[in-house]
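Novice: Okay, handing you the structure first.
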Amino acid sequence: MLDYGPTHFSQGRMDFAWEELSDSERAQAYADWEAGRGLLGGDPRYRPNSHLLPPWGLEQPFFRALALDDARATNGARLRAMIAGNAPVEVEIGFGRGDFLLDRAARASGTLFLGYETKTKATRLALARVARFELQNLWLSDDDARFSLPRVLPAARVAAVHILFPDPWWKSEHRIKRLFSPPFVDLLARALRPGGLLHFKSDVEEYSALVRYLVEQQPAFAPHDPALAERIGPYAPTHREQWCARNGKGVWGLYFARRS
Ligand SMILES: C[S@@+](CC[C@H](N)C(=O)[O-])C[C@H]1O[C@@H](n2cnc3c(N)ncnc32)[C@H](O)[C@@H]1O
């Protein structure tokens, strides 16, 4: 049976060092991105049967970018029709247990929510909760959002992207797996509509500083504006945010509007 095991969050602090990117580091980040390096689970284009949905995903609000045309189910057609509709779209990347996303989808039935979480087990658990709460406006994927999002959503379609407590990937050899990089910020700029919101939180102060630097380097984004936090309104904290509150850990939130 699928169930949530105990979660062991890392308690100790490791060094999270970052510096402004040199031109060659920036160029390397784009080259890595183009080559699909650092994608979690590897590049799905080279995975066997990546054009097919897993059996448990058929006729569920579940998608994979490369399996939208799987003819054994209506998943792809239904999702495409919803994306082509007029409902605002919000995306969460790395929803984990889904506490924030499920609550937000329940509060805003007129908004279409897409959630990405590369851990398949967590995605399946969240799918079960989508069914239990009878949510009609929430679709989930275990794709790496960096690969999937631009293949699934047209430019300027998204009203808000939520990225809450992403893995810092402390070790330098794992840096390539880190969500935030110049090409990823370009992806967000493309996905968000004018005025759209990028909502970020972390309990790693230095990661927040890196994210602020990377986003503010992209001319499509206005500088961090704490007043935009109002746009989130009441919300259920993620599992990690709950843990931070219980353990007295600081949380750094960043809010960026996409310029018109
Ligand atoms: C530290 S956990 C935080 C989970 C949740 N947001 C919370 O605050 O409790 C980060 C999650 O992001 C997921 N993740 C990391 N990179 C991802 C990516 N490129 N696409 C989708 N999910 C990703 C990981 O699998 C992990 O579950």
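How things are named: the first chain in the structure tokens is A, the next is B, and so on; residues count from 1 in each chain; ligands count from 1 in the order shown.
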Pick out the residues no farther than 9 Å from ligand 1, counting only C-alpha atoms and all ligand atoms, and list them as a PyMOL selection string.

Specialist: chain A and resi 9+38-40+92-100+115-120+122+141-148+162-168+177-179+201-202+237-243

Novice: At a cut-off of 10 Å, using only C-alpha atoms, what residues contact stretch 18-24 of chain A? Leave out same-chain residues fewer than 2 positions from it and give the result as an MDAnalysis selection string.

Specialist: chainID A and resid 15:16 26:30 172 181:182 206:207 209:210 213:214

Novice: One decimal, in Å: what's the spacing between atom CA of A:Pro54 and atom CA of A:Ala191?

Specialist: 26.9 Å

Novice: When you draw a straight line from atom CA of A:Val161 to atom CA of A:Pro61, how long is it in Å?

Specialist: 19.1 Å

Novice: Here is a test: counting only C-alpha atoms, which residue of A:Arg175, A:Arg129, A:Arg80, A:Arg193 is nearest to A:Arg157?

Specialist: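 That would be A:Arg193, the residue with the smallest distance to A:Arg157.
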
Novice: Using backbone DSSP assignments, extract all helix (DSSP H, G or I) residues from stretch 124-237 of chain A; output them as a ChimeraX atom specification.

Specialist: /A:124-132,145-152,172-177,182-191,205-217,226-231

Novice: Atom CA of A:Trp170 and atom CA of A:His224 are how many Å apart?

Specialist: 24.1 Å

Novice: Residues within 12 Å of A:Ala131, please, as a ChimeraX atom specification. Count only C-alpha atoms; anything in the same chain fewer than 2 positions from it doesn't count.

Specialist: /A:59-62,102,106,124-129,133-140

Novice: Just write the chosen residues, N, CA, C and O atoms, as a PDB file, in the first residue's frame.

Specialist:
ATOM      1  N   GLU A  59      -6.557   7.458 -17.319  1.00  0.00           N
ATOM      2  CA  GLU A  59      -7.831   8.096 -16.949  1.00  0.00           C
ATOM      3  C   GLU A  59      -7.783   8.773 -15.570  1.00  0.00           C
ATOM      4  O   GLU A  59      -8.816   8.995 -14.944  1.00  0.00           O
ATOM      5  N   GLN A  60      -6.591   9.052 -15.112  1.00  0.00           N
ATOM      6  CA  GLN A  60      -6.423   9.840 -13.893  1.00  0.00           C
ATOM      7  C   GLN A  60      -6.008  11.262 -14.293  1.00  0.00           C
ATOM      8  O   GLN A  60      -5.518  11.472 -15.405  1.00  0.00           O
ATOM      9  N   PRO A  61      -6.130  12.233 -13.402  1.00  0.00           N
ATOM     10  CA  PRO A  61      -5.616  13.573 -13.730  1.00  0.00           C
ATOM     11  C   PRO A  61      -4.094  13.586 -13.613  1.00  0.00           C
ATOM     12  O   PRO A  61      -3.514  14.221 -12.729  1.00  0.00           O
ATOM     13  N   PHE A  62      -3.466  12.836 -14.508  1.00  0.00           N
ATOM     14  CA  PHE A  62      -2.028  12.601 -14.477  1.00  0.00           C
ATOM     15  C   PHE A  62      -1.498  12.758 -15.889  1.00  0.00           C
ATOM     16  O   PHE A  62      -2.139  12.346 -16.849  1.00  0.00           O
ATOM     17  N   LEU A 102      -2.939  20.998  -2.890  1.00  0.00           N
ATOM     18  CA  LEU A 102      -4.303  20.457  -2.753  1.00  0.00           C
ATOM     19  C   LEU A 102      -5.211  21.489  -2.089  1.00  0.00           C
ATOM     20  O   LEU A 102      -6.363  21.666  -2.496  1.00  0.00           O
ATOM     21  N   ALA A 106      -8.406  23.375  -3.849  1.00  0.00           N
ATOM     22  CA  ALA A 106      -9.738  23.298  -3.233  1.00  0.00           C
ATOM     23  C   ALA A 106     -10.333  24.689  -3.042  1.00  0.00           C
ATOM     24  O   ALA A 106     -11.544  24.882  -3.133  1.00  0.00           O
ATOM     25  N   ARG A 124       1.785   9.641  -6.821  1.00  0.00           N
ATOM     26  CA  ARG A 124       0.647   8.712  -6.721  1.00  0.00           C
ATOM     27  C   ARG A 124      -0.157   8.956  -5.440  1.00  0.00           C
ATOM     28  O   ARG A 124      -1.387   8.885  -5.438  1.00  0.00           O
ATOM     29  N   LEU A 125       0.551   9.240  -4.360  1.00  0.00           N
ATOM     30  CA  LEU A 125      -0.163   9.534  -3.108  1.00  0.00           C
ATOM     31  C   LEU A 125      -1.021  10.790  -3.258  1.00  0.00           C
ATOM     32  O   LEU A 125      -2.171  10.842  -2.810  1.00  0.00           O
ATOM     33  N   ALA A 126      -0.448  11.795  -3.920  1.00  0.00           N
ATOM     34  CA  ALA A 126      -1.212  13.031  -4.107  1.00  0.00           C
ATOM     35  C   ALA A 126      -2.400  12.805  -5.045  1.00  0.00           C
ATOM     36  O   ALA A 126      -3.481  13.374  -4.842  1.00  0.00           O
ATOM     37  N   LEU A 127      -2.215  11.934  -6.056  1.00  0.00           N
ATOM     38  CA  LEU A 127      -3.338  11.609  -6.965  1.00  0.00           C
ATOM     39  C   LEU A 127      -4.505  11.008  -6.169  1.00  0.00           C
ATOM     40  O   LEU A 127      -5.676  11.310  -6.438  1.00  0.00           O
ATOM     41  N   ALA A 128      -4.157  10.149  -5.213  1.00  0.00           N
ATOM     42  CA  ALA A 128      -5.212   9.543  -4.382  1.00  0.00           C
ATOM     43  C   ALA A 128      -5.950  10.632  -3.599  1.00  0.00           C
ATOM     44  O   ALA A 128      -7.175  10.561  -3.421  1.00  0.00           O
ATOM     45  N   ARG A 129      -5.229  11.648  -3.175  1.00  0.00           N
ATOM     46  CA  ARG A 129      -5.886  12.727  -2.424  1.00  0.00           C
ATOM     47  C   ARG A 129      -6.727  13.605  -3.354  1.00  0.00           C
ATOM     48  O   ARG A 129      -7.770  14.116  -2.957  1.00  0.00           O
ATOM     49  N   PHE A 133     -10.581  14.145  -2.443  1.00  0.00           N
ATOM     50  CA  PHE A 133     -11.160  15.488  -2.265  1.00  0.00           C
ATOM     51  C   PHE A 133     -12.041  15.890  -3.453  1.00  0.00           C
ATOM     52  O   PHE A 133     -12.558  17.003  -3.483  1.00  0.00           O
ATOM     53  N   GLU A 134     -12.136  14.990  -4.440  1.00  0.00           N
ATOM     54  CA  GLU A 134     -12.971  15.219  -5.634  1.00  0.00           C
ATOM     55  C   GLU A 134     -12.633  16.534  -6.326  1.00  0.00           C
ATOM     56  O   GLU A 134     -13.514  17.305  -6.707  1.00  0.00           O
ATOM     57  N   LEU A 135     -11.335  16.781  -6.486  1.00  0.00           N
ATOM     58  CA  LEU A 135     -10.891  18.003  -7.154  1.00  0.00           C
ATOM     59  C   LEU A 135     -10.904  17.789  -8.670  1.00  0.00           C
ATOM     60  O   LEU A 135     -10.346  16.806  -9.157  1.00  0.00           O
ATOM     61  N   GLN A 136     -11.540  18.675  -9.390  1.00  0.00           N
ATOM     62  CA  GLN A 136     -11.643  18.542 -10.851  1.00  0.00           C
ATOM     63  C   GLN A 136     -10.621  19.431 -11.561  1.00  0.00           C
ATOM     64  O   GLN A 136     -10.532  19.415 -12.785  1.00  0.00           O
ATOM     65  N   ASN A 137      -9.905  20.229 -10.811  1.00  0.00           N
ATOM     66  CA  ASN A 137      -9.076  21.289 -11.404  1.00  0.00           C
ATOM     67  C   ASN A 137      -7.592  21.111 -11.105  1.00  0.00           C
ATOM     68  O   ASN A 137      -6.843  22.091 -11.150  1.00  0.00           O
ATOM     69  N   LEU A 138      -7.180  19.891 -10.780  1.00  0.00           N
ATOM     70  CA  LEU A 138      -5.776  19.667 -10.412  1.00  0.00           C
ATOM     71  C   LEU A 138      -5.227  18.461 -11.153  1.00  0.00           C
ATOM     72  O   LEU A 138      -5.780  17.356 -11.042  1.00  0.00           O
ATOM     73  N   TRP A 139      -4.139  18.684 -11.915  1.00  0.00           N
ATOM     74  CA  TRP A 139      -3.465  17.624 -12.671  1.00  0.00           C
ATOM     75  C   TRP A 139      -2.027  17.512 -12.188  1.00  0.00           C
ATOM     76  O   TRP A 139      -1.373  18.530 -11.933  1.00  0.00           O
ATOM     77  N   LEU A 140      -1.544  16.268 -12.099  1.00  0.00           N
ATOM     78  CA  LEU A 140      -0.222  16.030 -11.535  1.00  0.00           C
ATOM     79  C   LEU A 140       0.681  15.292 -12.525  1.00  0.00           C
ATOM     80  O   LEU A 140       0.196  14.526 -13.359  1.00  0.00           O
TER      81      LEU A 140
END

Novice: Nearest residue to A:Phe184 out of A:Ala155, A:Val211, A:Val251, A:Leu53, using only C-alpha atoms?

Specialist: A:Val211
